[in-house]
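Here the structure is laid out as structure tokens; the discussion comes afterwards.
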Amino acid sequence: MTTDGSEPSDLLRVAVTFPRADGEGGPVKFGARMSTASATRFAPDPLNVDVAIGELQKAGFAVSSRGKLAVSMRCTRAQYEKVFGTRLTVFESPSPESAQVRKFFFPGKAAEWKPEAQVSKLIDDAYIQWPHIYMAAAKKKAAAKIPGGVGGGPKLGYHYLSVPKGVQKLMNLAAVHKAKITGKGVRVVMVDSGFDQRHAWFKKFRAQSGVVLAPGASGKLTDTSGHGTGESANIFSVAPGVTFIGVKVDNDAAPGAGASILEGFQEALRHHPQVISISMGYDLRAAGTNKPDSKLPNSLVPLEAEIQAAIAAGIVVVFSAGNGHYAFPGQMPNVISAGGVYVDAKGVMQASNYASAFPSAIYLGRSVPDVCGLVGMMPDATYIRFPVPKGCDIDRDMAPADRTKPNDGWGVFSGTSAAAPQIAGLCALLLQKNPGLSPQEIKAVLRRSARDVSTGRASAASDPKQQGGVKASAGLDGATGAGLVDADAAIRQV
Amino acid sequence: MEWVRVQILMRPEHRTKVSVESAAKVAAALGLAPSGQGSSTFSARVSAPDYLRLFGRRFGSSPPTNLPIPKELAEYVESVTVAPQHEYF
């Protein structure tokens, strides 16, 4: 799939309508124009809508929003054709110059329409949404021009990585992307603070992105923290073709009312993920010591159980290893635990002293991390320049350290929060190439193909021996696991 | 109104979607509003008064530990805990 709209996107936006609550035809099958006076009469039975959504979700459709009369869903061309027993053909947009996309899929005039029986009885119709047009084409062009040249963002007087190019280069992605391995068709769910994709940087990814609210979260379009928005740029840099679902857990107005990680994870499971990326966790440090806890608190056992069940069901789960934290769930044995490697301006690699590395005292024999992504160094890990909502917490708070302006929509940061989505993106690439890979096989491939990192130390704060951080050395080591992931080498192994 | 986030872990023999749904219905009848579910767990929100009524203690009055399991849920449930606060990495 191309993202410039010159070729039709495989990802379809579908508006589903339903029969009226009294069982009569819905708005599409109604024989006349619906008026504002009659609109409320078309309200469907919510229970019927739930069942219909459930049926469509089983077929791979994802809810992007739910209104009073219709539900917007996304699916692939193949899923649509299968469920509705039709064949789609390529249509040219009536106004290609100002349209969102120039070509799109739609049922041809002679196409069959034989919806699956269990869906047919539950819905009124399912319309593929035509591309909208921009009312001011000049405005569209202006929005596409991002200050700061390729990749956008301000120039800074120190070594940093841009997204997507800087991250792509160091993850060795050029040949992979050239071979059209972009994560296309792979469903990646990221659970984080929020995902404000109104920044110009996200423009070309919006068509394949959806944001859903976890219980208690608010503001589908906003991200007052900026954490999730910025870190999600890692996934799009590594796997620009993925189907991205962001699960927002923050409540903008009342932080305590937002979702727990378990609630976010449960929400993620509803969206049929193949990969789940989470850059959050808990610091399990024995009270009053610098040692890791040796017993999992009861309050985290439910999350542990749900993650285990997800991995057993074939979902790849990536967690950050922590930034000096004894992170959980990053220390669970079956997750992919993402640590940090810093690559300087000359290309020299070393363990990031910002990233956690430690032997788990809960899961004996488990060494964190498994592999590493790109993470900066102490004190602030100002390493990767991300697009963030203008004036968000990160934009404002990081400004003194990262030398961007506090309201410019850019922040330079990292942490293992960056490593997890980088690695999750790479997992999506592997799954595009070989959809049959299990989570265990993917972890093994990542570790076999990683670049060894033999110098530097991980964070001193996660060193139970208090020797200044677990030290990297030749071969597998505690500081970086197998080392920095290498996309090209990994893809060659599957 | 203050809401407490609680997490319900199913007994191993009930770690199925069907059992989770059944238990969530029982919980809802008790005043625990289900907010999410997986194959081994479900989450719920409970008001402070209902928290006191169901668990016999005020929220925050004692260190986080397993909460007493309401007898109506005992068949299904291994533990009930309050969700801890997470941090971003």
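Residue numbering restarts at 1 in every chain; chains get A, B, ... in the order shown in the structure tokens, and ligands count up from 1 in that same order.
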
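If we count only C-alpha atoms, these residues of chain B sit within 8 Å of chain A: Trp3, Arg5, Gln7, Ile8, Leu9, Ser35, Gly36, Gln37, Gly38, Ser39, Ser40, Thr41, Phe42, Ser43, Pro64, Thr65, Asn66, Thr81, Val82, Ala83, Pro84, Gln85, His86, Glu87, Tyr88 and Phe89 of chain B.
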
- Task: Identify, on the basis of only C-alpha atoms, every residue whose closest approach to range 18-27 of chain A does not exceed 8 Å; exclude the query and any residue fewer than 4 positions from it along the same chain; express the result as a ChimeraX atom specification.
- Result: /A:34,41-45,49,69-70,122-125

Could you write those residues out with C-alpha atoms, as a PDB file, in the first residue's frame?
ATOM      1  CA  MET A  34     -34.268  10.724   6.410  1.00  0.00           C
ATOM      2  CA  ARG A  41     -36.722   7.036  14.908  1.00  0.00           C
ATOM      3  CA  PHE A  42     -33.754   5.289  13.276  1.00  0.00           C
ATOM      4  CA  ALA A  43     -31.917   4.649  16.528  1.00  0.00           C
ATOM      5  CA  PRO A  44     -31.003   0.950  16.608  1.00  0.00           C
ATOM      6  CA  ASP A  45     -31.269  -1.420  19.535  1.00  0.00           C
ATOM      7  CA  VAL A  49     -25.397  -3.147  17.645  1.00  0.00           C
ATOM      8  CA  LEU A  69     -27.065   5.701  14.308  1.00  0.00           C
ATOM      9  CA  ALA A  70     -23.928   4.244  12.780  1.00  0.00           C
ATOM     10  CA  LEU A 122     -27.896  -7.770  12.186  1.00  0.00           C
ATOM     11  CA  ILE A 123     -27.110  -4.809   9.955  1.00  0.00           C
ATOM     12  CA  ASP A 124     -28.850  -2.418   7.630  1.00  0.00           C
ATOM     13  CA  ASP A 125     -25.882  -1.763   5.376  1.00  0.00           C
TER      14      ASP A 125
END

- Filtered DSSP result for range 181-373 of chain A, state strand (DSSP E), as a PyMOL selection string: chain A and resi 187-192+209-213+243-248+275-278+280-283+316-320+327-328+336-343+349-351+358-359+367-368+371-373

Filtering to C-alpha atoms, could you give me those residues as a compact mmCIF listing (two decimals), in the first residue's frame?
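And here is the file that came out, part32.txt:
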# COMPACT_ATOMS: atom_id res chain seq x y z
CA ARG A 187 -2.20 -5.21 13.62
CA VAL A 188 -0.11 -3.47 16.26
CA VAL A 189 -1.74 -2.10 19.39
CA MET A 190 0.10 0.39 21.55
CA VAL A 191 -1.20 1.19 25.03
CA ASP A 192 -0.06 4.59 26.27
CA SER A 209 -4.46 4.46 12.50
CA GLY A 210 -7.18 4.31 15.06
CA VAL A 211 -7.32 5.52 18.64
CA VAL A 212 -9.61 3.98 21.22
CA LEU A 213 -10.20 4.96 24.81
CA THR A 243 -2.48 -1.12 11.05
CA PHE A 244 -2.01 0.88 14.22
CA ILE A 245 -4.45 0.96 17.09
CA GLY A 246 -3.59 3.25 19.98
CA VAL A 247 -5.28 2.53 23.29
CA LYS A 248 -5.32 5.70 25.35
CA VAL A 275 1.65 -7.29 18.51
CA ILE A 276 1.08 -5.27 21.69
CA SER A 277 3.62 -2.60 22.68
CA ILE A 278 3.59 -1.06 26.14
CA MET A 280 4.77 1.61 30.96
CA GLY A 281 5.08 -0.49 34.06
CA TYR A 282 5.79 -0.70 37.75
CA ASP A 283 9.07 -0.42 39.65
CA VAL A 316 3.66 -10.88 20.64
CA VAL A 317 3.92 -8.66 23.73
CA VAL A 318 6.72 -6.11 24.03
CA PHE A 319 7.37 -4.18 27.23
CA SER A 320 9.99 -1.60 28.17
CA ALA A 327 10.31 -3.01 35.73
CA PHE A 328 7.29 -5.21 35.66
CA ILE A 336 10.06 -9.30 24.79
CA SER A 337 11.87 -7.03 27.19
CA ALA A 338 13.21 -3.93 25.45
CA GLY A 339 16.45 -2.45 26.74
CA GLY A 340 18.63 0.36 25.46
CA VAL A 341 21.71 0.91 23.32
CA TYR A 342 23.13 4.31 22.47
CA VAL A 343 24.83 4.86 19.11
CA MET A 349 27.48 1.44 20.17
CA GLN A 350 27.37 1.21 23.95
CA ALA A 351 24.87 0.14 26.57
CA PHE A 358 18.96 -6.59 35.96
CA PRO A 359 18.44 -10.22 36.92
CA SER A 367 17.81 -11.57 32.78
CA VAL A 368 16.39 -8.24 31.59
CA VAL A 371 17.33 -7.16 23.16
CA CYS A 372 17.68 -3.41 22.79
CA GLY A 373 16.36 -0.51 20.81

- Non-local contacts of Arg53 in chain B (12 Å; only C-alpha atoms; under 5 positions in same chain excluded) as a ChimeraX atom specification: /B:30-32,46-48,58-59,68,70

Selection from above, N, CA and C atoms, as a CSV table (one decimal), in the first residue's frame, can you write it?
chain,number,residue,atom,x,y,z
B,30,LEU,N,-23.5,-6.9,42.1
B,30,LEU,CA,-23.1,-6.5,43.4
B,30,LEU,C,-22.7,-5.1,43.5
B,31,GLY,N,-22.6,-4.4,42.4
B,31,GLY,CA,-22.2,-3.0,42.4
B,31,GLY,C,-20.8,-2.7,41.9
B,32,LEU,N,-20.2,-3.8,41.3
B,32,LEU,CA,-18.9,-3.6,40.7
B,32,LEU,C,-19.1,-3.4,39.2
B,46,VAL,N,-15.6,0.6,41.2
B,46,VAL,CA,-16.6,0.6,42.3
B,46,VAL,C,-16.5,1.9,43.1
B,47,SER,N,-17.7,2.4,43.4
B,47,SER,CA,-17.8,3.6,44.2
B,47,SER,C,-17.3,3.4,45.6
B,48,ALA,N,-16.8,4.5,46.2
B,48,ALA,CA,-16.3,4.4,47.6
B,48,ALA,C,-17.3,3.7,48.6
B,58,ARG,N,-12.5,1.0,54.3
B,58,ARG,CA,-12.5,2.2,53.4
B,58,ARG,C,-11.3,2.1,52.4
B,59,PHE,N,-11.5,2.6,51.2
B,59,PHE,CA,-10.4,2.6,50.3
B,59,PHE,C,-9.3,3.4,50.8
B,68,PRO,N,-11.2,-9.1,50.5
B,68,PRO,CA,-12.1,-10.3,50.6
B,68,PRO,C,-12.9,-10.5,49.4
B,70,PRO,N,-16.2,-11.4,47.7
B,70,PRO,CA,-17.6,-11.5,48.0
B,70,PRO,C,-18.1,-13.0,47.7
